[in-house]
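What follows is a set of notes on a single structure, which appears directly below.
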Amino acid sequence: MSGTRKGAAYSSERYAGILNAPHRAFLWSIGLDPSDIGKPLAGVVVAWSESGPCNFHTLNLVGYVKQGLRDAGCVGLAMPTIVVNDNISMGTAGMRYSLVSREVIADSVEAQIVAHAYDGFVAIGGCDKTQPGLMMAMARINRPSIYMYGGSAEPGFIGEKKFTIEDVHEYVGAYLKGKASEQELLQVEMVAHPTYGACAGLFTANTMALLSEALGLALLGSSSPTATSSRRAIFSYETGKALGPLLENDIKPRDILKYEAFRNAATVLMASGGSTNGILHLLALAHEAGVKFTLDDLDEISRKTPYILNMRPAGEYVMLDLDRVGGAPLLLRLLLEAGLIDGDVLTVSGKSLAQSLKEYRLPDVPHDHIVRHPSNPIKKTGGIRILRGSLAPDGAVVKTAATGVTRFEGSARVFDDEEPAFEAVRRGDVDEGNVLVIRYVGPKGAPGMPEMLRVTAALSGAGLGETVAMVTDGRFSGATRGIMVGHVAPEAVAGGPIALVEDGDRVLIDTEAGRLDLLVAESELERRRSALKPKPPKAASGLLAKYASLVSSASMGAVTLPRT
């Protein structure tokens with residue numbers, strides 16, 4: 001057999017030498033030959049599914065990645081991982097599997113990479129949870145690896161007006177309120193997501209794609225080309241080729257995922273006004289990387305980071321528009337020049353972020369309409385705020401970029417699940433000044449911490465997005481707009497104060513002060529607490545029950561922890 005090359009330690013132990021003849025026999029059967037033994041063995045993990053457009057095309061990118069690996073002197077073999085499409089499961093029992101799938105993805109990648117002795121791998125993601133799941137696996141396994149996003153869809157148009165999937169959800173709310181006809185809804189439905197690829201706006205998928213570059217786990221510029229762009233093939237090839245030097249120099253994810261890298265990513269999240277799911281996923285990724293990074297860090301970063309990116313759902317533009325003016329590298333360069341991020345961090349290029357940005361060629365086009373300079377922000381503080389208070393002692397999140405309201409005090413309308421809240425909105429049984437409290441939908445309680453886009457979009461479509469607030473121990477889609485507070489911790493099923501709220505209680509949301517308070521006397525809360533009866537688990541068997549038994553608080557990223 002050929003000699004072992006640098007970067008092939010795991011595969012050589014499994015496949016080289018006389019005693020490994022049975023293992024090699026299986027490699028010959030799939031087309032490898034003796035010259036391949038001793039070369040680094042690289043996995044190509046692809047989150048692929050025909051269950052929706054987000055990952056419909058990702059399997060087609062594998063061949064380009066494998067060619068890049070071959071040209072880097074590696075042997076590439078592909079493998080799948082699962083996809084749960086958030087939009088298709090939204091507002092149904094299926095949404096309870098969305099966040100759960102993040103853990104299943106990380107677990108499945110670990111099982112395949114470690115079991116088959118891959119020396120490193122390329123990970124291709126698309127839909128919302130595939131991206132953090134893959135990056136979590138990279139940090140957990142800690143073998144040379146690199147991430148690539150499959151790209152977003154193009155926006156749709158009716159005349160000159162731009163549409164995304166967010167508009168379909170809001171048109172449903174407008175239809176229920178009598179503000180849009182069935183024909184108008186159908187017209188929007190047919191054009192809003194015209195191509196394969198993930199959602200076009202700065203929802204969760206595109207948020208996580210930007211963060212992959214900010215963390216240093218993906219090649220600069222790779223997050224913004226659409227799924228339909230020919231540059232996807234180019235980035236696929238270059239991503240595969242870039243794994244070679246990482247293997248050669250033994251550069252692993254935890255060499256990149258230092259505390260400073262997480263601060264950089266959090267700064268980009270706050271500056272962009274990205275999805276609140278980014279909070280959960282950064283906390284979870286930090287856990288896998290062994291880095292202490294908490295809600296307190298995120299709160300501190302939010303307070304000093306200007307919000308500068310004008311993208312949907314808070315703004316006007318989509319990922320295709322950001323790509324035309326420079327993508328993530330433009331945002332990163334502006335933040336670096338303003339002294340808001342650390343340029344010394346290592347990236348998968350093998351160089352520092354500052355050096356990589358210096359070498360990256362940005363288009364010479366106007367960009368202030370999409371990406372403002374930090375000295376002239378949309379808002380002086382970050383697009384997401386961390387709230388604490390008597391209703392959320394361990395924290396909650398609100399997307400301040402998606403609302404102009406900074407202080408809201410209202411009367412609670414309490415629901416123990418999402419469906420009755422949606423029915424109340426549909427009936428018109430929600431008044432201005434209400435705070436919809438949706439509880440028992442947290443990581444353990446749902447289980448699975450579903451997104452509430454069906455309700456939030458119905459409120460926005462009904463014209464109530466700035467006059468009715470929501471507070472939940474569940475979470476929100478990146479497409480959510482309005483006064484929406486999620487991730488309330490502790491959650492209701494864990495006995496958090498959100499379990500004690502009653503109809504008519506006054507609730508205060510103050511995003512400037514960072515407060516979320518239940519304006520009820522402590523003596524009354526103690527009385528309610530003593531009378532509170534635990535609710536039985538909603539899932540008694542299967543995946544959801546296993547998840548509920550292991551999952552931690554949203555304040556920790558809702559990671560699953562082994563029972564001790």
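Each chain of the structure tokens is named A, B, ... in the order shown, its residues numbered from 1; ligands are numbered from 1 in display order.
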Selection near Glu170 of chain A, 12 Å with only C-alpha atoms, sequence-local residues under 6 positions removed, as a list in words | Phe163, Thr164, Leu176, Lys177, Lys179, Ala180, Glu184, Leu185, Val188, Glu189, Ala192, Pro313, Leu453, Arg454, Val455, Thr456, Ala457, Ala458, Leu459, Ser460, Gly461, Ala462, Gly463, Leu464, Gly465, Ala479, Thr480, Arg481 and Gly482 of chain A
If we count only C-alpha atoms, what is near segment 224-241 of chain A at a cut-off of 9 Å, once residues fewer than 3 positions away on the same chain are taken out, given as a VMD selection string?
-> chain A and resid 44 54 57 to 58 60 to 74 76 121 to 122 124 146 to 154 195 to 198 200 206 209 to 210 218 to 219 221 244 to 245 319 to 324 326 to 328
Would you please give, as a PyMOL selection string, all residues of segment 74-256 of chain A that DSSP assigns to helix (DSSP H, G or I) based on the backbone?
-> chain A and resi 86-89+93-115+130-141+165-176+182-191+204-215+231-248+253-256
Print the selection's residues with C-alpha atoms to a file, as an mmCIF file, in the first residue's frame.
data_model
loop_
_atom_site.group_PDB
_atom_site.id
_atom_site.type_symbol
_atom_site.label_atom_id
_atom_site.label_comp_id
_atom_site.auth_asym_id
_atom_site.auth_seq_id
_atom_site.Cartn_x
_atom_site.Cartn_y
_atom_site.Cartn_z
ATOM 1 C CA ASP A 86 -39.416 24.811 8.715
ATOM 2 C CA ASN A 87 -41.840 26.553 6.384
ATOM 3 C CA ILE A 88 -43.684 23.373 5.466
ATOM 4 C CA SER A 89 -43.980 22.331 9.125
ATOM 5 C CA ALA A 93 -47.254 19.462 14.992
ATOM 6 C CA GLY A 94 -44.380 18.954 12.555
ATOM 7 C CA MET A 95 -42.733 22.167 13.743
ATOM 8 C CA ARG A 96 -41.899 20.413 17.015
ATOM 9 C CA TYR A 97 -39.316 18.422 15.060
ATOM 10 C CA SER A 98 -37.530 21.483 13.685
ATOM 11 C CA LEU A 99 -35.151 22.332 16.529
ATOM 12 C CA VAL A 100 -34.908 18.634 17.395
ATOM 13 C CA SER A 101 -33.487 18.044 13.908
ATOM 14 C CA ARG A 102 -30.505 20.250 14.744
ATOM 15 C CA GLU A 103 -29.393 17.721 17.354
ATOM 16 C CA VAL A 104 -30.193 14.758 15.109
ATOM 17 C CA ILE A 105 -28.055 16.275 12.349
ATOM 18 C CA ALA A 106 -25.093 16.839 14.666
ATOM 19 C CA ASP A 107 -25.454 13.317 16.059
ATOM 20 C CA SER A 108 -25.736 11.711 12.615
ATOM 21 C CA VAL A 109 -22.650 13.499 11.320
ATOM 22 C CA GLU A 110 -20.659 12.447 14.382
ATOM 23 C CA ALA A 111 -21.759 8.831 13.925
ATOM 24 C CA GLN A 112 -20.806 8.689 10.252
ATOM 25 C CA ILE A 113 -17.519 10.607 10.373
ATOM 26 C CA VAL A 114 -16.148 8.854 13.449
ATOM 27 C CA ALA A 115 -17.459 5.380 12.618
ATOM 28 C CA THR A 130 -29.139 22.070 8.889
ATOM 29 C CA GLN A 131 -26.588 24.851 9.204
ATOM 30 C CA PRO A 132 -26.119 25.012 12.988
ATOM 31 C CA GLY A 133 -26.434 21.213 13.165
ATOM 32 C CA LEU A 134 -23.554 20.780 10.726
ATOM 33 C CA MET A 135 -21.421 23.438 12.408
ATOM 34 C CA MET A 136 -22.082 21.887 15.814
ATOM 35 C CA ALA A 137 -20.852 18.567 14.439
ATOM 36 C CA MET A 138 -17.713 20.275 13.162
ATOM 37 C CA ALA A 139 -16.983 21.663 16.627
ATOM 38 C CA ARG A 140 -17.861 18.432 18.410
ATOM 39 C CA ILE A 141 -15.819 16.059 16.237
ATOM 40 C CA ILE A 165 -42.340 33.625 1.683
ATOM 41 C CA GLU A 166 -42.895 36.061 4.562
ATOM 42 C CA ASP A 167 -45.503 37.825 2.413
ATOM 43 C CA VAL A 168 -47.523 34.627 1.951
ATOM 44 C CA HIS A 169 -47.840 34.165 5.715
ATOM 45 C CA GLU A 170 -48.862 37.805 6.167
ATOM 46 C CA TYR A 171 -51.350 37.667 3.298
ATOM 47 C CA VAL A 172 -53.068 34.830 5.150
ATOM 48 C CA GLY A 173 -53.519 37.219 8.070
ATOM 49 C CA ALA A 174 -54.755 39.928 5.714
ATOM 50 C CA TYR A 175 -57.222 37.469 4.160
ATOM 51 C CA LEU A 176 -58.563 36.465 7.585
ATOM 52 C CA GLU A 182 -58.508 34.772 -1.936
ATOM 53 C CA GLN A 183 -57.338 35.578 -5.471
ATOM 54 C CA GLU A 184 -54.764 38.073 -4.179
ATOM 55 C CA LEU A 185 -53.486 35.500 -1.703
ATOM 56 C CA LEU A 186 -53.210 32.884 -4.449
ATOM 57 C CA GLN A 187 -51.310 35.293 -6.699
ATOM 58 C CA VAL A 188 -48.755 36.008 -3.959
ATOM 59 C CA GLU A 189 -48.515 32.318 -3.087
ATOM 60 C CA MET A 190 -47.602 31.443 -6.673
ATOM 61 C CA VAL A 191 -44.749 33.957 -7.048
ATOM 62 C CA THR A 204 -32.815 32.118 9.877
ATOM 63 C CA ALA A 205 -31.130 30.368 6.934
ATOM 64 C CA ASN A 206 -29.440 33.478 5.568
ATOM 65 C CA THR A 207 -28.628 34.657 9.089
ATOM 66 C CA MET A 208 -26.743 31.455 9.811
ATOM 67 C CA ALA A 209 -25.030 31.634 6.429
ATOM 68 C CA LEU A 210 -23.677 35.102 7.261
ATOM 69 C CA LEU A 211 -22.575 33.843 10.676
ATOM 70 C CA SER A 212 -20.678 30.934 9.088
ATOM 71 C CA GLU A 213 -18.394 33.499 7.446
ATOM 72 C CA ALA A 214 -18.194 35.650 10.575
ATOM 73 C CA LEU A 215 -17.172 32.601 12.633
ATOM 74 C CA ARG A 231 -20.990 30.791 -8.459
ATOM 75 C CA ARG A 232 -22.448 28.044 -6.266
ATOM 76 C CA ALA A 233 -20.515 25.507 -8.362
ATOM 77 C CA ILE A 234 -17.360 27.621 -8.093
ATOM 78 C CA PHE A 235 -17.647 27.928 -4.321
ATOM 79 C CA SER A 236 -18.366 24.208 -4.047
ATOM 80 C CA TYR A 237 -15.142 23.393 -5.876
ATOM 81 C CA GLU A 238 -13.115 25.960 -3.912
ATOM 82 C CA THR A 239 -14.556 24.726 -0.603
ATOM 83 C CA GLY A 240 -13.517 21.161 -1.389
ATOM 84 C CA LYS A 241 -10.068 22.301 -2.441
ATOM 85 C CA ALA A 242 -9.673 24.406 0.732
ATOM 86 C CA LEU A 243 -9.999 21.319 2.933
ATOM 87 C CA GLY A 244 -6.625 20.064 1.660
ATOM 88 C CA PRO A 245 -4.531 22.737 3.428
ATOM 89 C CA LEU A 246 -6.633 22.365 6.588
ATOM 90 C CA LEU A 247 -5.775 18.652 6.656
ATOM 91 C CA GLU A 248 -2.140 19.307 5.751
ATOM 92 C CA PRO A 253 -12.688 23.887 14.069
ATOM 93 C CA ARG A 254 -11.756 24.517 17.695
ATOM 94 C CA ASP A 255 -8.619 26.306 16.491
ATOM 95 C CA ILE A 256 -11.000 28.728 14.784
#
Which of these, A:Gly273, A:Gly156, A:Gly91, A:Gly486, has the shortest distance to Leu391 of chain A once you count only C-alpha atoms?
-> A:Gly486
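Atom CA of Gly495 of chain A sits 10.7 Å away from atom CA of Ser530 of chain A.
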